[in-house]
Structures are given as C-alpha cells and as structure tokens.
$ cat input_24.txt   # compact mmCIF, C-alpha atoms
# COMPACT_ATOMS: atom_id res chain seq x y z
CA MET A 1 65.41 12.37 -9.08
CA GLU A 2 63.14 15.04 -10.51
CA ASN A 3 61.37 12.38 -12.58
CA GLN A 4 60.81 10.28 -9.46
CA ILE A 5 59.28 13.23 -7.57
CA GLU A 6 57.01 13.93 -10.55
CA ASN A 7 55.89 10.26 -10.61
CA GLN A 8 55.05 10.40 -6.88
CA GLU A 9 53.06 13.61 -7.39
CA ASN A 10 51.11 11.94 -10.23
CA LYS A 11 50.39 8.93 -8.00
CA VAL A 12 49.12 11.24 -5.25
CA LYS A 13 46.89 13.07 -7.77
CA LYS A 14 45.54 9.78 -9.14
CA ARG A 15 44.92 8.47 -5.65
CA SER A 16 43.24 11.73 -4.75
CA LYS A 17 40.92 11.45 -7.79
CA LYS A 18 40.19 7.84 -6.89
CA GLN A 19 39.46 8.82 -3.29
CA ASP A 20 37.23 11.67 -4.50
CA THR A 21 35.29 9.26 -6.70
CA ILE A 22 34.86 6.77 -3.85
CA GLU A 23 33.76 9.52 -1.47
CA TRP A 24 31.28 10.81 -4.06
CA ILE A 25 29.82 7.33 -4.53
CA LEU A 26 29.56 6.80 -0.77
CA THR A 27 27.99 10.21 -0.28
CA PHE A 28 25.44 10.22 -3.10
CA VAL A 29 25.02 6.91 -4.92
CA VAL A 30 24.81 4.53 -1.95
CA PRO A 31 22.07 6.53 -0.11
CA ILE A 32 20.04 6.85 -3.31
CA VAL A 33 20.28 3.11 -4.01
CA LEU A 34 19.35 2.33 -0.38
CA ALA A 35 16.37 4.71 -0.52
CA LEU A 36 15.13 3.06 -3.73
CA LEU A 37 15.52 -0.42 -2.24
CA ILE A 38 13.65 0.61 0.91
CA HIS A 39 10.88 2.24 -1.16
CA ASN A 40 10.46 -0.75 -3.47
CA PHE A 41 10.80 -3.61 -0.99
CA LEU A 42 10.32 -2.45 2.61
CA PHE A 43 8.31 0.69 3.22
CA THR A 44 6.79 3.69 1.49
CA PHE A 45 4.14 6.37 1.94
CA ALA A 46 0.83 6.73 0.12
CA MET A 47 -1.55 9.69 0.08
CA VAL A 48 -5.30 9.20 0.36
CA ASP A 49 -6.91 10.81 -2.67
CA GLY A 50 -10.65 11.24 -2.34
CA THR A 51 -13.42 10.34 0.06
CA SER A 52 -13.91 6.62 -0.60
CA MET A 53 -12.40 5.63 2.77
CA LEU A 54 -14.23 8.15 5.00
CA ASP A 55 -14.35 8.12 8.03
CA THR A 56 -11.37 5.82 8.47
CA PHE A 57 -9.14 8.05 6.32
CA GLN A 58 -9.56 11.63 5.18
CA SER A 59 -8.55 12.88 1.76
CA ASP A 60 -4.90 13.99 1.82
CA ASN A 61 -3.97 11.77 4.78
CA ILE A 62 -0.46 10.46 4.28
CA THR A 63 -0.19 6.81 5.27
CA GLY A 64 2.75 4.51 5.96
CA VAL A 65 2.65 1.37 3.83
CA SER A 66 4.53 -1.86 4.51
CA ARG A 67 5.84 -3.30 1.25
CA LEU A 68 7.03 -6.46 3.06
CA TYR A 69 3.39 -7.54 3.13
CA ARG A 70 3.64 -8.59 -0.53
CA PHE A 71 6.18 -11.30 0.31
CA ASN A 72 3.96 -12.99 2.90
CA CYS A 73 0.66 -12.08 1.30
CA GLU A 74 -2.14 -13.71 3.27
CA PRO A 75 -4.81 -11.00 3.38
CA LYS A 76 -7.22 -10.95 6.28
CA ARG A 77 -10.71 -9.53 6.17
CA GLY A 78 -10.67 -5.97 7.43
CA GLU A 79 -7.07 -5.14 6.53
CA VAL A 80 -6.53 -1.89 4.68
CA LEU A 81 -4.30 -2.32 1.64
CA THR A 82 -2.96 -0.27 -1.20
CA VAL A 83 -3.79 -1.96 -4.51
CA HIS A 84 -3.72 -1.38 -8.25
CA TYR A 85 -6.90 -1.97 -10.24
CA ASP A 86 -4.87 -2.67 -13.30
CA GLU A 87 -1.20 -2.70 -14.12
CA GLY A 88 -1.17 1.10 -13.92
CA ARG A 89 0.75 3.12 -11.38
CA LYS A 90 -2.26 4.62 -9.54
CA LEU A 91 -2.77 3.20 -6.07
CA TYR A 92 -6.08 2.82 -4.31
CA ILE A 93 -6.53 2.43 -0.56
CA LYS A 94 -9.27 -0.10 0.17
CA ARG A 95 -10.39 -2.57 2.83
CA VAL A 96 -10.25 -6.34 2.27
CA ILE A 97 -13.82 -7.66 2.32
CA GLY A 98 -13.83 -10.98 0.47
CA LEU A 99 -11.12 -13.62 0.58
CA PRO A 100 -10.27 -16.26 -2.03
CA GLY A 101 -13.14 -18.65 -2.69
CA GLU A 102 -15.77 -16.60 -0.84
CA LYS A 103 -19.15 -15.35 -1.99
CA VAL A 104 -19.71 -11.60 -1.44
CA GLU A 105 -23.12 -9.96 -1.54
CA LEU A 106 -24.74 -6.70 -0.43
CA LYS A 107 -28.46 -6.68 0.39
CA GLY A 108 -30.16 -3.57 1.74
CA GLY A 109 -26.87 -2.13 2.96
CA THR A 110 -25.78 -5.30 4.79
CA LEU A 111 -22.66 -7.18 3.71
CA TYR A 112 -22.96 -10.96 3.43
CA ILE A 113 -19.98 -13.29 3.18
CA ASN A 114 -20.96 -16.84 2.25
CA ASP A 115 -24.58 -15.94 3.19
CA GLU A 116 -23.55 -14.81 6.71
CA PRO A 117 -24.33 -11.15 7.57
CA MET A 118 -21.34 -9.07 8.65
CA ILE A 119 -21.66 -6.13 11.02
CA GLU A 120 -19.12 -3.53 9.96
CA SER A 121 -18.77 -1.17 12.92
CA TYR A 122 -16.34 1.14 11.06
CA LEU A 123 -18.92 2.16 8.42
CA THR A 124 -20.63 5.53 8.76
CA ARG A 125 -22.02 5.69 5.19
CA ILE A 126 -23.99 2.71 3.93
CA ASP A 127 -24.89 2.01 0.32
CA GLU A 128 -28.43 0.63 0.12
CA ARG A 129 -27.91 -0.68 -3.44
CA ASP A 130 -27.81 -4.43 -3.75
CA PHE A 131 -24.79 -6.15 -5.26
CA GLY A 132 -23.90 -9.71 -6.12
CA PRO A 133 -23.54 -12.45 -5.46
CA TYR A 134 -19.92 -12.27 -6.55
CA TYR A 135 -17.58 -15.24 -6.23
CA VAL A 136 -13.96 -14.34 -5.44
CA GLY A 137 -11.36 -16.33 -7.39
CA GLU A 138 -8.70 -18.45 -5.72
CA ASP A 139 -5.88 -15.93 -6.23
CA GLU A 140 -7.93 -12.77 -5.66
CA ILE A 141 -9.39 -10.53 -2.98
CA PHE A 142 -12.54 -8.42 -2.99
CA VAL A 143 -11.95 -4.87 -1.74
CA MET A 144 -14.29 -2.02 -0.88
CA GLY A 145 -14.05 1.51 0.42
CA ASP A 146 -15.52 2.41 3.79
CA ASN A 147 -17.61 5.19 2.21
CA ARG A 148 -19.67 2.72 0.20
CA PRO A 149 -21.92 5.15 -1.74
CA VAL A 150 -18.95 6.80 -3.50
CA SER A 151 -16.27 4.10 -3.53
CA ASN A 152 -14.97 2.79 -6.86
CA ASP A 153 -14.06 -0.69 -5.71
CA SER A 154 -14.40 -4.39 -6.53
CA ARG A 155 -18.14 -3.96 -7.09
CA TYR A 156 -17.19 -2.11 -10.28
CA VAL A 157 -13.75 -3.40 -11.25
CA GLY A 158 -14.00 -6.98 -10.01
CA ALA A 159 -11.81 -8.80 -7.55
CA ILE A 160 -8.17 -7.79 -7.32
CA PRO A 161 -5.46 -10.33 -8.23
CA MET A 162 -3.00 -10.89 -5.38
CA ASP A 163 -0.25 -9.61 -7.70
CA TYR A 164 -1.91 -6.18 -7.66
CA ILE A 165 -1.44 -5.74 -3.91
CA TYR A 166 1.11 -3.00 -3.33
CA GLY A 167 1.29 -3.05 0.46
CA LYS A 168 -0.52 -2.86 3.78
CA VAL A 169 -1.42 0.48 5.36
CA ILE A 170 0.02 0.39 8.87
CA PHE A 171 -0.31 3.97 10.11
CA VAL A 172 -1.43 7.51 9.36
CA ALA A 173 1.60 9.81 9.34
CA TYR A 174 -0.02 13.14 8.47
CA PRO A 175 -1.71 15.32 9.53
CA PHE A 176 0.06 14.98 12.83
CA ASN A 177 -3.12 15.39 14.91
CA GLN A 178 -4.53 12.25 13.19
CA MET A 179 -1.36 10.16 13.58
CA ARG A 180 -2.26 6.60 14.58
CA LEU A 181 -1.67 2.91 13.87
CA THR A 182 -4.16 1.30 11.50
CA ASN A 183 -3.18 -2.35 11.72
CA LYS A 184 -5.84 -3.31 14.28
CA LEU A 185 -8.45 -5.35 12.43
CA PRO A 186 -12.14 -4.55 12.91
CA VAL A 187 -14.29 -7.15 14.62
CA TYR A 188 -16.94 -8.67 12.38
CA ASP A 189 -20.05 -10.08 14.03

$ encode --input "input_24.txt" --output "structure tokens"
Amino acid sequence: MENQIENQENKVKKRSKKQDTIEWILTFVVPIVLALLIHNFLFTFAMVDGTSMLDTFQSDNITGVSRLYRFNCEPKRGEVLTVHYDEGRKLYIKRVIGLPGEKVELKGGTLYINDEPMIESYLTRIDERDFGPYYVGEDEIFVMGDNRPVSNDSRYVGAIPMDYIYGKVIFVAYPFNQMRLTNKLPVYD
C-alpha cells in the first residue's frame, strides 16, 4: 500500500513537471515565435535615418511597414517602400519612381519617365543636376528620395531588384503628433 501511494505521488510530481513545462512553453515560447513570424511575414516598424525623404518623413520618424507587400509585389509609382541596396541588413526608405521597362531621366530638376515630364507635388527640394537616361530592368524598380539633393538612391546604386524590397510604408507611428497614413499615392501630371 505504501508503495502504491509513493507511485501515485511520483505520477503527480511528473505530471506537475509536465504541466509546468507546457505552461512555460505557452507563456514564453509561443508568443516569441508568433512575434517573430509577424515581424518576418506580416508587419514591422522601420525608423527613418537621415534627411533623404524630407519633407515627407523626418529623421527619426518611426514608420509601420507591411511585409505582406512582398508576396504580391506589384510596385506602383509613388509608393514609399523600404528596400535594401544590397543583401545587407540596412534598410532605406525611398519612393518608387521608375517601373520595370521604363526610361528614367532628370533634366534641369524635372523628372521624365519615358520622355514624359512628371510633376512631383510632394517635392520641396529639387536637384538641378541632370541624370540619365537610365533604363529599368524587367525585374527592378528605380527609387529616389524626396530630398533629391542629398538622397543616396538609384541614381547612384542603380535600380533595385524586386527581391530587395522589404515592405511598403503604410503609416507614421511616431512622433505621435505626426501620426498619419502614407499609403495615398501622389498624383503625377
């Protein structure tokens, strides 16, 4: 009888350890795995570092980035994306200017796409230096910063392969007084 009671106590202890392990996994491991999955495949945040996107974004703005964009990647002119310039981990926030197969050129501060002038109402700083023509490859996009005189963009690093798109900037989260959606595309004339 004493042996039977001892066996039941051991079973209770084992079950208790098993329950503790399951509770620990549910409390810590599952949320961490979910957070990593969300970060890698659904949504993340990116901080603006520098002045290349003035006046649309200020340095140190924290933006919300949709990672789902990569799975249905059909960039539109005017969208603001986070991209890599190489296979490195640094992200750049830039505006889509040229689409696959297009010719991009800057003359006297005016952007031309396929020889048609574009009026970019969001620009407050124009770069008078001429650039191009540059022909965007079939699986690439041409990106530029809104603060053209200081932006390190496709004029210097070339077009960005679609594989280097990290996500689409959909809102400014911080500072709170600048919180807004950013997914409305500019109108090009």

$ closest_residue --input "input_24.txt" --among "A:Gly158, A:Arg77, A:Phe176, A:Val169" --to "Ile113 (chain A)" --atoms "all atoms listed in the file"
A:Arg77

$ closest_residue --input "input_24.txt" --among "A:Val80, A:Val104, A:Ile119, A:Met53" --to "Arg148 (chain A)" --atoms "only C-alpha atoms"
A:Met53

$ residues_around --input "input_24.txt" --residues "Asp153 (chain A)" --least-positions-apart "4" --cutoff "10 Å" --atoms "only C-alpha atoms" --output "NGL selection string"
:A and (52 or 85 or 92-95 or 142-145 or 148 or 157-160)

$ atom_distance --input "input_24.txt" --atom1 "CA of Gly78 (chain A)" --atom2 "CA of Ile97 (chain A)"
6.2 Å

$ atom_distance --input "input_24.txt" --atom1 "CA of Gly137 (chain A)" --atom2 "CA of Ser121 (chain A)"
26.4 Å

$ closest_residue --input "input_24.txt" --among "A:Asp60, A:Glu138, A:Asp146, A:Glu87" --to "Pro175 (chain A)" --atoms "all atoms listed in the file"
A:Asp60

$ closest_residue --input "input_24.txt" --among "A:Phe28, A:His84, A:Ser66, A:Val136" --to "Phe45 (chain A)" --atoms "all atoms listed in the file"
A:Ser66

$ closest_residue --input "input_24.txt" --among "A:Tyr134, A:Met162, A:Val172, A:Arg155" --to "Asn72 (chain A)" --atoms "all atoms listed in the file"
A:Met162

$ residues_around --input "input_24.txt" --residues "Asp115 (chain A)" --least-positions-apart "4" --cutoff "12 Å" --atoms "all atoms listed in the file" --output "list in words"
Glu102, Lys103, Val104, Glu105, Leu106, Lys107, Thr110, Leu111, Gly132, Pro133, Tyr134 and Tyr135 of chain A

$ closest_residue --input "input_24.txt" --among "A:Leu99, A:Ala46, A:Leu68, A:Ile25" --to "Ala173 (chain A)" --atoms "all atoms listed in the file"
A:Ala46

$ atom_distance --input "input_24.txt" --atom1 "CA of Arg70 (chain A)" --atom2 "CA of Ser154 (chain A)"
19.5 Å

$ residues_around --input "input_24.txt" --residues "Leu91 (chain A)" --least-positions-apart "4" --cutoff "10 Å" --atoms "only C-alpha atoms" --output "list in words"
Ala46, Met47, Val48, Asp49, Leu81, Thr82, Val83, His84, Tyr85, Asp86, Tyr164, Ile165, Tyr166 and Gly167 of chain A

$ decode --input "input_24.txt" --residues "region 124-170 of chain A" --atoms "N, CA and C atoms" --output "compact mmCIF listing (two decimals), in the first residue's frame"
# COMPACT_ATOMS: atom_id res chain seq x y z
N THR A 124 9.95 69.26 -52.17
CA THR A 124 10.23 70.63 -51.72
C THR A 124 11.69 71.00 -51.98
N ARG A 125 12.51 70.01 -52.31
CA ARG A 125 13.93 70.23 -52.60
C ARG A 125 14.26 69.53 -53.92
N ILE A 126 14.60 70.32 -54.91
CA ILE A 126 14.84 69.79 -56.25
C ILE A 126 16.34 69.78 -56.52
N ASP A 127 16.78 68.71 -57.17
CA ASP A 127 18.18 68.58 -57.58
C ASP A 127 18.26 69.00 -59.05
N GLU A 128 19.01 70.04 -59.32
CA GLU A 128 19.12 70.57 -60.68
C GLU A 128 20.07 69.75 -61.56
N ARG A 129 20.82 68.81 -60.96
CA ARG A 129 21.77 68.01 -61.74
C ARG A 129 21.02 67.06 -62.67
N ASP A 130 21.52 66.94 -63.87
CA ASP A 130 20.91 66.03 -64.83
C ASP A 130 21.35 64.60 -64.53
N PHE A 131 20.48 63.67 -64.89
CA PHE A 131 20.78 62.25 -64.71
C PHE A 131 20.12 61.46 -65.83
N GLY A 132 20.82 60.46 -66.31
CA GLY A 132 20.22 59.51 -67.24
C GLY A 132 20.48 59.86 -68.68
N PRO A 133 19.81 59.16 -69.55
CA PRO A 133 18.71 58.24 -69.28
C PRO A 133 19.18 56.92 -68.67
N TYR A 134 18.30 56.35 -67.85
CA TYR A 134 18.55 55.07 -67.21
C TYR A 134 17.37 54.17 -67.56
N TYR A 135 17.68 52.96 -68.00
CA TYR A 135 16.63 52.01 -68.38
C TYR A 135 16.48 50.96 -67.27
N VAL A 136 15.29 50.90 -66.70
CA VAL A 136 14.99 49.99 -65.58
C VAL A 136 14.78 48.59 -66.14
N GLY A 137 15.45 47.60 -65.53
CA GLY A 137 15.32 46.21 -65.95
C GLY A 137 13.93 45.65 -65.67
N GLU A 138 13.65 44.50 -66.24
CA GLU A 138 12.32 43.90 -66.14
C GLU A 138 11.94 43.46 -64.72
N ASP A 139 12.89 43.13 -63.89
CA ASP A 139 12.59 42.69 -62.53
C ASP A 139 13.18 43.67 -61.51
N GLU A 140 13.07 44.97 -61.82
CA GLU A 140 13.67 46.00 -60.99
C GLU A 140 12.73 47.19 -60.85
N ILE A 141 13.06 48.04 -59.88
CA ILE A 141 12.39 49.34 -59.73
C ILE A 141 13.47 50.39 -59.52
N PHE A 142 13.16 51.62 -59.89
CA PHE A 142 14.06 52.75 -59.71
C PHE A 142 13.48 53.58 -58.57
N VAL A 143 14.27 53.79 -57.51
CA VAL A 143 13.78 54.51 -56.34
C VAL A 143 14.59 55.78 -56.11
N MET A 144 13.92 56.78 -55.54
CA MET A 144 14.60 58.03 -55.20
C MET A 144 14.03 58.56 -53.89
N GLY A 145 14.85 59.36 -53.21
CA GLY A 145 14.39 60.06 -52.03
C GLY A 145 13.68 61.34 -52.44
N ASP A 146 12.83 61.84 -51.57
CA ASP A 146 12.10 63.08 -51.86
C ASP A 146 12.99 64.31 -51.71
N ASN A 147 14.05 64.22 -50.95
CA ASN A 147 15.02 65.31 -50.80
C ASN A 147 16.15 65.03 -51.78
N ARG A 148 15.90 65.28 -53.05
CA ARG A 148 16.78 64.86 -54.13
C ARG A 148 18.24 65.29 -54.00
N PRO A 149 18.55 66.51 -53.52
CA PRO A 149 19.97 66.89 -53.48
C PRO A 149 20.83 66.02 -52.56
N VAL A 150 20.24 65.38 -51.55
CA VAL A 150 21.06 64.62 -50.60
C VAL A 150 20.77 63.12 -50.60
N SER A 151 19.85 62.68 -51.42
CA SER A 151 19.42 61.28 -51.37
C SER A 151 20.40 60.35 -52.09
N ASN A 152 20.80 59.30 -51.39
CA ASN A 152 21.60 58.22 -51.98
C ASN A 152 20.60 57.19 -52.47
N ASP A 153 20.34 57.19 -53.77
CA ASP A 153 19.25 56.38 -54.30
C ASP A 153 19.68 55.70 -55.59
N SER A 154 18.73 55.31 -56.41
CA SER A 154 19.02 54.54 -57.63
C SER A 154 19.89 55.31 -58.62
N ARG A 155 19.97 56.63 -58.49
CA ARG A 155 20.88 57.38 -59.36
C ARG A 155 22.33 56.97 -59.11
N TYR A 156 22.60 56.48 -57.90
CA TYR A 156 23.98 56.13 -57.52
C TYR A 156 24.20 54.64 -57.38
N VAL A 157 23.17 53.91 -57.00
CA VAL A 157 23.34 52.46 -56.77
C VAL A 157 22.66 51.61 -57.83
N GLY A 158 21.97 52.24 -58.77
CA GLY A 158 21.26 51.50 -59.80
C GLY A 158 19.87 51.10 -59.34
N ALA A 159 19.16 50.49 -60.25
CA ALA A 159 17.80 50.03 -59.94
C ALA A 159 17.87 48.92 -58.90
N ILE A 160 16.79 48.77 -58.17
CA ILE A 160 16.70 47.81 -57.08
C ILE A 160 15.98 46.56 -57.58
N PRO A 161 16.60 45.37 -57.43
CA PRO A 161 15.88 44.14 -57.78
C PRO A 161 14.64 43.97 -56.89
N MET A 162 13.59 43.43 -57.45
CA MET A 162 12.35 43.22 -56.69
C MET A 162 12.61 42.41 -55.42
N ASP A 163 13.59 41.52 -55.46
CA ASP A 163 13.91 40.70 -54.28
C ASP A 163 14.42 41.54 -53.11
N TYR A 164 14.87 42.76 -53.38
CA TYR A 164 15.42 43.62 -52.33
C TYR A 164 14.36 44.50 -51.67
N ILE A 165 13.11 44.35 -52.09
CA ILE A 165 12.02 45.09 -51.44
C ILE A 165 11.72 44.41 -50.12
N TYR A 166 11.72 45.18 -49.06
CA TYR A 166 11.47 44.67 -47.72
C TYR A 166 9.99 44.80 -47.36
N GLY A 167 9.39 45.93 -47.72
CA GLY A 167 7.99 46.15 -47.40
C GLY A 167 7.53 47.52 -47.84
N LYS A 168 6.26 47.79 -47.63
CA LYS A 168 5.65 49.07 -48.00
C LYS A 168 5.35 49.87 -46.75
N VAL A 169 5.78 51.12 -46.74
CA VAL A 169 5.50 52.01 -45.61
C VAL A 169 4.03 52.41 -45.69
N ILE A 170 3.29 52.11 -44.61
CA ILE A 170 1.85 52.39 -44.65
C ILE A 170 1.40 53.48 -43.66
